[in-house]
Amino acid sequence: MKQLKRVIPKYCKNIIVAVIYKHHFDWYVTPKELWLMDYGKLYNSISERFENPNINIGTKESFFSKRFGIEILDSKTAGKFLSFLMDCRHTAEELKFSYAVAPISEKNAFTPSLLVDFDNKVLYSFYAEKNKFELLVPDNWTGIYEDFTSKIPFEKRFKG
């Protein structure tokens, strides 16, 4: 199994994601595209938008392979998905230190973008750019765009 390599927060590229899975809270820093939870919906949306025969987005299988072959990221596939991200997991202390030493121009990359609660089937997005993570949640999930800072346990916070 090939694990994703550890990355640092980088605005509009690598995002900070809070994850609740099996009553356990963890922080991850990964490329943002991994957290568009329903790749089937995403694939269909892209293929409808680009019906031009000169634009080839590939097969569904090749598209899904960009996320370890996982089409729908949900409570059933979370364990497999997170196993690929072991090196991307960060503690609050690590993020606090990284934030403290980051240049002022890079501090905005340390705003958590998503809270994915696999236990309660809800995704909170506070991502500042055009990606609409909350619209690509699996069926029977809730996607909400709001500041979720108050939902982060105090001992897991790394800013302010």
# chains A, B, ... in the order shown; residues from 1 in each chain; ligands from 1
$ select_by_dssp --residues "chain A" --states "alpha helix (DSSP H)" --output "compact mmCIF listing (two decimals) with all heavy atoms, in the first residue's frame"
# COMPACT_ATOMS: atom_id res chain seq x y z
N TYR A 39 -16.71 11.03 -5.63
CA TYR A 39 -16.04 11.17 -6.93
C TYR A 39 -16.96 10.80 -8.08
O TYR A 39 -16.76 11.26 -9.19
CB TYR A 39 -14.76 10.33 -6.96
CG TYR A 39 -13.50 11.07 -6.58
CD1 TYR A 39 -13.51 12.11 -5.68
CD2 TYR A 39 -12.28 10.71 -7.13
CE1 TYR A 39 -12.34 12.77 -5.33
CE2 TYR A 39 -11.10 11.37 -6.79
CZ TYR A 39 -11.15 12.39 -5.89
OH TYR A 39 -9.98 13.05 -5.55
N GLY A 40 -17.97 9.98 -7.84
CA GLY A 40 -18.95 9.65 -8.88
C GLY A 40 -19.71 10.89 -9.28
O GLY A 40 -19.87 11.19 -10.47
N LYS A 41 -20.20 11.65 -8.30
CA LYS A 41 -20.90 12.91 -8.58
C LYS A 41 -19.95 13.90 -9.26
O LYS A 41 -20.35 14.61 -10.19
CB LYS A 41 -21.44 13.53 -7.29
CG LYS A 41 -22.60 12.79 -6.68
CD LYS A 41 -23.05 13.47 -5.38
CE LYS A 41 -24.13 12.68 -4.69
NZ LYS A 41 -24.50 13.29 -3.38
N LEU A 42 -18.72 13.95 -8.80
CA LEU A 42 -17.74 14.86 -9.37
C LEU A 42 -17.46 14.49 -10.83
O LEU A 42 -17.45 15.35 -11.71
CB LEU A 42 -16.44 14.83 -8.55
CG LEU A 42 -15.30 15.72 -9.05
CD1 LEU A 42 -15.71 17.19 -9.04
CD2 LEU A 42 -14.06 15.49 -8.19
N TYR A 43 -17.25 13.21 -11.09
CA TYR A 43 -16.98 12.74 -12.45
C TYR A 43 -18.14 13.09 -13.38
O TYR A 43 -17.93 13.62 -14.47
CB TYR A 43 -16.74 11.23 -12.45
CG TYR A 43 -16.44 10.66 -13.82
CD1 TYR A 43 -15.13 10.62 -14.29
CD2 TYR A 43 -17.45 10.17 -14.63
CE1 TYR A 43 -14.84 10.10 -15.54
CE2 TYR A 43 -17.17 9.66 -15.89
CZ TYR A 43 -15.87 9.62 -16.34
OH TYR A 43 -15.59 9.13 -17.59
N ASN A 44 -19.36 12.82 -12.92
CA ASN A 44 -20.53 13.12 -13.75
C ASN A 44 -20.65 14.62 -14.02
O ASN A 44 -20.98 15.03 -15.13
CB ASN A 44 -21.80 12.60 -13.09
CG ASN A 44 -21.85 11.08 -13.08
OD1 ASN A 44 -21.19 10.42 -13.87
ND2 ASN A 44 -22.61 10.53 -12.16
N SER A 45 -20.39 15.42 -13.02
CA SER A 45 -20.44 16.87 -13.17
C SER A 45 -19.41 17.37 -14.19
O SER A 45 -19.72 18.19 -15.05
CB SER A 45 -20.21 17.54 -11.81
OG SER A 45 -20.06 18.93 -11.95
N ILE A 46 -18.21 16.85 -14.10
CA ILE A 46 -17.15 17.26 -15.03
C ILE A 46 -17.46 16.78 -16.44
O ILE A 46 -17.34 17.53 -17.40
CB ILE A 46 -15.77 16.75 -14.55
CG1 ILE A 46 -15.37 17.44 -13.26
CG2 ILE A 46 -14.71 16.97 -15.63
CD1 ILE A 46 -14.14 16.86 -12.60
N SER A 47 -17.89 15.52 -16.58
CA SER A 47 -18.15 14.99 -17.92
C SER A 47 -19.33 15.70 -18.58
O SER A 47 -19.34 15.90 -19.79
CB SER A 47 -18.36 13.48 -17.88
OG SER A 47 -19.47 13.15 -17.10
N GLU A 48 -20.33 16.14 -17.80
CA GLU A 48 -21.45 16.91 -18.36
C GLU A 48 -20.99 18.29 -18.80
O GLU A 48 -21.44 18.80 -19.83
CB GLU A 48 -22.57 17.05 -17.32
CG GLU A 48 -23.34 15.78 -17.08
CD GLU A 48 -24.29 15.88 -15.88
OE1 GLU A 48 -24.50 16.99 -15.36
OE2 GLU A 48 -24.82 14.83 -15.49
N ARG A 49 -20.11 18.89 -18.04
CA ARG A 49 -19.62 20.23 -18.35
C ARG A 49 -18.71 20.23 -19.57
O ARG A 49 -18.66 21.19 -20.32
CB ARG A 49 -18.84 20.78 -17.15
CG ARG A 49 -19.18 22.21 -16.87
CD ARG A 49 -18.50 22.79 -15.66
NE ARG A 49 -18.54 21.90 -14.51
CZ ARG A 49 -17.62 21.87 -13.56
NH1 ARG A 49 -16.61 22.69 -13.61
NH2 ARG A 49 -17.72 21.05 -12.53
N LYS A 60 -14.10 6.30 -15.56
CA LYS A 60 -14.39 6.46 -14.14
C LYS A 60 -13.31 5.79 -13.30
O LYS A 60 -12.88 6.33 -12.29
CB LYS A 60 -15.76 5.87 -13.79
CG LYS A 60 -16.91 6.76 -14.14
CD LYS A 60 -18.21 6.23 -13.57
CE LYS A 60 -19.32 7.24 -13.79
NZ LYS A 60 -20.57 6.83 -13.17
N GLU A 61 -12.87 4.61 -13.71
CA GLU A 61 -11.87 3.88 -12.94
C GLU A 61 -10.56 4.66 -12.85
O GLU A 61 -9.96 4.74 -11.78
CB GLU A 61 -11.62 2.50 -13.56
CG GLU A 61 -12.77 1.53 -13.41
CD GLU A 61 -13.95 1.84 -14.36
OE1 GLU A 61 -13.74 2.46 -15.43
OE2 GLU A 61 -15.08 1.47 -14.01
N SER A 62 -10.14 5.26 -13.96
CA SER A 62 -8.89 6.05 -13.91
C SER A 62 -9.09 7.31 -13.06
O SER A 62 -8.18 7.73 -12.36
CB SER A 62 -8.41 6.41 -15.32
OG SER A 62 -9.29 7.32 -15.95
N PHE A 63 -10.28 7.87 -13.12
CA PHE A 63 -10.60 9.04 -12.32
C PHE A 63 -10.57 8.68 -10.82
O PHE A 63 -9.98 9.39 -10.02
CB PHE A 63 -11.97 9.59 -12.72
CG PHE A 63 -12.30 10.94 -12.18
CD1 PHE A 63 -11.73 12.08 -12.74
CD2 PHE A 63 -13.17 11.09 -11.12
CE1 PHE A 63 -12.03 13.35 -12.25
CE2 PHE A 63 -13.48 12.34 -10.63
CZ PHE A 63 -12.91 13.47 -11.19
N PHE A 64 -11.18 7.56 -10.47
CA PHE A 64 -11.22 7.12 -9.07
C PHE A 64 -9.84 6.72 -8.56
O PHE A 64 -9.57 6.81 -7.36
CB PHE A 64 -12.19 5.96 -8.87
CG PHE A 64 -13.61 6.25 -9.27
CD1 PHE A 64 -14.46 5.23 -9.61
CD2 PHE A 64 -14.10 7.56 -9.32
CE1 PHE A 64 -15.78 5.49 -9.97
CE2 PHE A 64 -15.41 7.83 -9.69
CZ PHE A 64 -16.25 6.78 -10.03
N ALA A 78 -13.83 4.95 4.98
CA ALA A 78 -12.93 5.84 5.71
C ALA A 78 -11.69 5.13 6.23
O ALA A 78 -10.58 5.68 6.15
CB ALA A 78 -13.68 6.50 6.87
N GLY A 79 -11.83 3.94 6.77
CA GLY A 79 -10.68 3.22 7.31
C GLY A 79 -9.62 2.98 6.26
O GLY A 79 -8.43 3.23 6.48
N LYS A 80 -10.04 2.51 5.09
CA LYS A 80 -9.11 2.28 3.99
C LYS A 80 -8.47 3.60 3.55
O LYS A 80 -7.25 3.69 3.40
CB LYS A 80 -9.84 1.64 2.81
CG LYS A 80 -8.98 1.44 1.58
CD LYS A 80 -9.78 0.84 0.43
CE LYS A 80 -8.92 0.72 -0.82
NZ LYS A 80 -9.70 0.23 -1.97
N PHE A 81 -9.28 4.62 3.37
CA PHE A 81 -8.80 5.93 2.93
C PHE A 81 -7.78 6.50 3.92
O PHE A 81 -6.69 6.91 3.53
CB PHE A 81 -9.99 6.88 2.78
CG PHE A 81 -9.62 8.29 2.45
CD1 PHE A 81 -9.15 8.63 1.20
CD2 PHE A 81 -9.75 9.29 3.40
CE1 PHE A 81 -8.81 9.95 0.89
CE2 PHE A 81 -9.43 10.61 3.11
CZ PHE A 81 -8.95 10.93 1.85
N LEU A 82 -8.12 6.51 5.18
CA LEU A 82 -7.23 7.09 6.20
C LEU A 82 -5.93 6.30 6.34
O LEU A 82 -4.91 6.86 6.71
CB LEU A 82 -7.96 7.22 7.53
CG LEU A 82 -9.13 8.20 7.53
CD1 LEU A 82 -9.90 8.13 8.85
CD2 LEU A 82 -8.68 9.62 7.23
N SER A 83 -5.97 5.01 6.01
CA SER A 83 -4.74 4.21 6.08
C SER A 83 -3.71 4.70 5.06
O SER A 83 -2.51 4.55 5.26
CB SER A 83 -5.03 2.72 5.89
OG SER A 83 -5.39 2.44 4.55
N ALA A 92 -2.16 18.50 17.20
CA ALA A 92 -2.40 19.93 17.40
C ALA A 92 -1.09 20.64 17.74
O ALA A 92 -0.86 21.76 17.27
CB ALA A 92 -3.44 20.14 18.50
N GLU A 93 -0.22 19.99 18.49
CA GLU A 93 1.05 20.59 18.87
C GLU A 93 1.93 20.83 17.64
O GLU A 93 2.60 21.86 17.52
CB GLU A 93 1.79 19.73 19.89
CG GLU A 93 1.12 19.68 21.25
CD GLU A 93 -0.13 18.79 21.29
OE1 GLU A 93 -0.27 17.87 20.44
OE2 GLU A 93 -0.99 19.04 22.15
N GLU A 94 1.96 19.87 16.72
CA GLU A 94 2.74 20.04 15.49
C GLU A 94 2.20 21.20 14.66
O GLU A 94 2.98 22.01 14.14
CB GLU A 94 2.70 18.75 14.65
CG GLU A 94 3.47 17.60 15.24
CD GLU A 94 3.21 16.29 14.51
OE1 GLU A 94 2.10 16.06 14.02
OE2 GLU A 94 4.16 15.50 14.45
N LEU A 95 0.89 21.28 14.53
CA LEU A 95 0.29 22.37 13.76
C LEU A 95 0.51 23.72 14.45
O LEU A 95 0.76 24.73 13.79
CB LEU A 95 -1.20 22.11 13.54
CG LEU A 95 -1.51 20.97 12.57
CD1 LEU A 95 -2.99 20.65 12.58
CD2 LEU A 95 -1.04 21.29 11.16
N LYS A 96 0.45 23.71 15.78
CA LYS A 96 0.68 24.94 16.53
C LYS A 96 2.11 25.45 16.29
O LYS A 96 2.33 26.64 16.04
CB LYS A 96 0.46 24.70 18.02
CG LYS A 96 0.51 25.94 18.89
CD LYS A 96 0.25 25.62 20.35
CE LYS A 96 -1.21 25.28 20.52
NZ LYS A 96 -1.63 25.10 21.90
N PHE A 97 3.07 24.55 16.33
CA PHE A 97 4.46 24.93 16.08
C PHE A 97 4.65 25.41 14.65
O PHE A 97 5.27 26.45 14.40
CB PHE A 97 5.41 23.75 16.37
CG PHE A 97 6.84 24.07 16.05
CD1 PHE A 97 7.61 24.83 16.93
CD2 PHE A 97 7.42 23.63 14.87
CE1 PHE A 97 8.93 25.14 16.63
CE2 PHE A 97 8.74 23.94 14.56
CZ PHE A 97 9.49 24.70 15.45
N SER A 98 4.10 24.68 13.68
CA SER A 98 4.22 25.06 12.27
C SER A 98 3.60 26.42 12.01
O SER A 98 4.16 27.24 11.26
CB SER A 98 3.56 24.01 11.37
OG SER A 98 4.24 22.79 11.47
N TYR A 99 2.47 26.67 12.65
CA TYR A 99 1.80 27.97 12.50
C TYR A 99 2.68 29.08 13.09
O TYR A 99 2.84 30.14 12.50
CB TYR A 99 0.44 27.93 13.19
CG TYR A 99 -0.31 29.25 13.15
CD1 TYR A 99 -0.92 29.67 11.97
CD2 TYR A 99 -0.40 30.06 14.27
CE1 TYR A 99 -1.60 30.88 11.92
CE2 TYR A 99 -1.07 31.27 14.23
CZ TYR A 99 -1.67 31.67 13.05
OH TYR A 99 -2.33 32.86 13.00
N ALA A 100 3.27 28.81 14.23
CA ALA A 100 4.10 29.82 14.91
C ALA A 100 5.31 30.21 14.09
O ALA A 100 5.71 31.38 14.10
CB ALA A 100 4.53 29.30 16.29
N VAL A 101 5.91 29.26 13.39
CA VAL A 101 7.13 29.56 12.63
C VAL A 101 6.86 29.91 11.17
O VAL A 101 7.79 30.30 10.45
CB VAL A 101 8.15 28.39 12.71
CG1 VAL A 101 8.55 28.14 14.16
CG2 VAL A 101 7.61 27.14 12.04
$ select_by_dssp --residues "segment 10-86 of chain A" --states "strand (DSSP E)" --output "list in words"
Asn14, Ile15, Ile16, Val17, Ala18, Val19, Ile20, Tyr21, His24, Phe25, Asp26, Trp27, Tyr28, Val29, Thr30 and Pro31 of chain A
$ residues_around --residues "Cys88 of chain A" --least-positions-apart "6" --cutoff "8 Å" --atoms "only C-alpha atoms" --output "short mmCIF file (atom, residue, chain, number, x, y, z; two decimals) with all heavy atoms, in the first residue's frame"
data_model
loop_
_atom_site.label_atom_id
_atom_site.label_comp_id
_atom_site.auth_asym_id
_atom_site.auth_seq_id
_atom_site.Cartn_x
_atom_site.Cartn_y
_atom_site.Cartn_z
N LEU A 4 0.42 8.33 1.10
CA LEU A 4 0.63 9.69 0.65
C LEU A 4 1.72 10.31 1.52
O LEU A 4 1.76 10.09 2.72
CB LEU A 4 -0.67 10.47 0.80
CG LEU A 4 -0.79 11.76 0.04
CD1 LEU A 4 -0.73 11.50 -1.46
CD2 LEU A 4 -2.11 12.42 0.37
N LYS A 5 2.59 11.07 0.91
CA LYS A 5 3.68 11.70 1.66
C LYS A 5 3.18 12.91 2.44
O LYS A 5 2.23 13.57 2.07
CB LYS A 5 4.78 12.13 0.69
CG LYS A 5 5.39 10.97 -0.06
CD LYS A 5 6.88 11.10 -0.10
CE LYS A 5 7.54 10.01 -0.89
NZ LYS A 5 7.54 8.73 -0.33
N ARG A 6 3.85 13.19 3.53
CA ARG A 6 3.50 14.32 4.39
C ARG A 6 3.74 15.64 3.67
O ARG A 6 4.77 15.81 3.02
CB ARG A 6 4.34 14.24 5.66
CG ARG A 6 3.90 15.19 6.72
CD ARG A 6 4.67 14.95 8.01
NE ARG A 6 3.98 15.63 9.08
CZ ARG A 6 3.57 15.06 10.19
NH1 ARG A 6 3.82 13.81 10.41
NH2 ARG A 6 2.94 15.76 11.09
N VAL A 7 2.78 16.55 3.78
CA VAL A 7 2.90 17.86 3.18
C VAL A 7 2.58 18.92 4.23
O VAL A 7 2.07 18.60 5.30
CB VAL A 7 1.93 18.03 1.96
CG1 VAL A 7 2.32 17.10 0.83
CG2 VAL A 7 0.49 17.80 2.38
N TYR A 28 -5.45 16.22 9.61
CA TYR A 28 -4.73 15.78 8.43
C TYR A 28 -4.42 17.00 7.57
O TYR A 28 -5.22 17.93 7.50
CB TYR A 28 -5.56 14.79 7.60
CG TYR A 28 -5.74 13.46 8.27
CD1 TYR A 28 -6.79 13.26 9.16
CD2 TYR A 28 -4.87 12.41 8.03
CE1 TYR A 28 -6.95 12.04 9.80
CE2 TYR A 28 -5.03 11.18 8.66
CZ TYR A 28 -6.08 11.01 9.55
OH TYR A 28 -6.24 9.80 10.17
N VAL A 29 -3.26 16.97 6.92
CA VAL A 29 -2.92 17.98 5.92
C VAL A 29 -2.66 17.21 4.63
O VAL A 29 -1.75 16.38 4.57
CB VAL A 29 -1.68 18.80 6.33
CG1 VAL A 29 -1.34 19.81 5.24
CG2 VAL A 29 -1.89 19.49 7.66
N THR A 30 -3.49 17.49 3.63
CA THR A 30 -3.43 16.74 2.37
C THR A 30 -3.81 17.66 1.21
O THR A 30 -4.36 18.74 1.41
CB THR A 30 -4.42 15.57 2.36
OG1 THR A 30 -5.76 16.07 2.29
CG2 THR A 30 -4.26 14.66 3.56
#
$ atom_distance --atom1 "atom CA of Lys22 of chain A" --atom2 "atom CA of Arg157 of chain A"
19.5 Å
$ residues_around --residues "Asn14 of chain A" --least-positions-apart "3" --cutoff "7 Å" --atoms "only C-alpha atoms" --output "count of residues only"
8
$ atom_distance --atom1 "atom CA of Trp141 of chain A" --atom2 "atom CA of Ile72 of chain A"
11.5 Å
$ atom_distance --atom1 "atom CA of Phe154 of chain A" --atom2 "atom CA of Tyr127 of chain A"
20.9 Å
$ residues_around --residues "segment 129-139 of chain A" --least-positions-apart "6" --cutoff "7 Å" --atoms "only C-alpha atoms" --output "CSV table (one decimal) with C-alpha atoms, in the first residue's frame"
chain,number,residue,atom,x,y,z
A,36,LEU,CA,-14.4,15.8,-2.6
A,37,MET,CA,-16.2,12.9,-1.0
A,38,ASP,CA,-18.3,11.6,-3.9
A,41,LYS,CA,-20.9,12.9,-8.6
A,72,ILE,CA,-17.3,7.4,-2.4
A,74,ASP,CA,-17.9,7.7,3.6
A,123,LEU,CA,-19.1,17.4,6.5
A,145,TYR,CA,-20.9,25.5,4.8
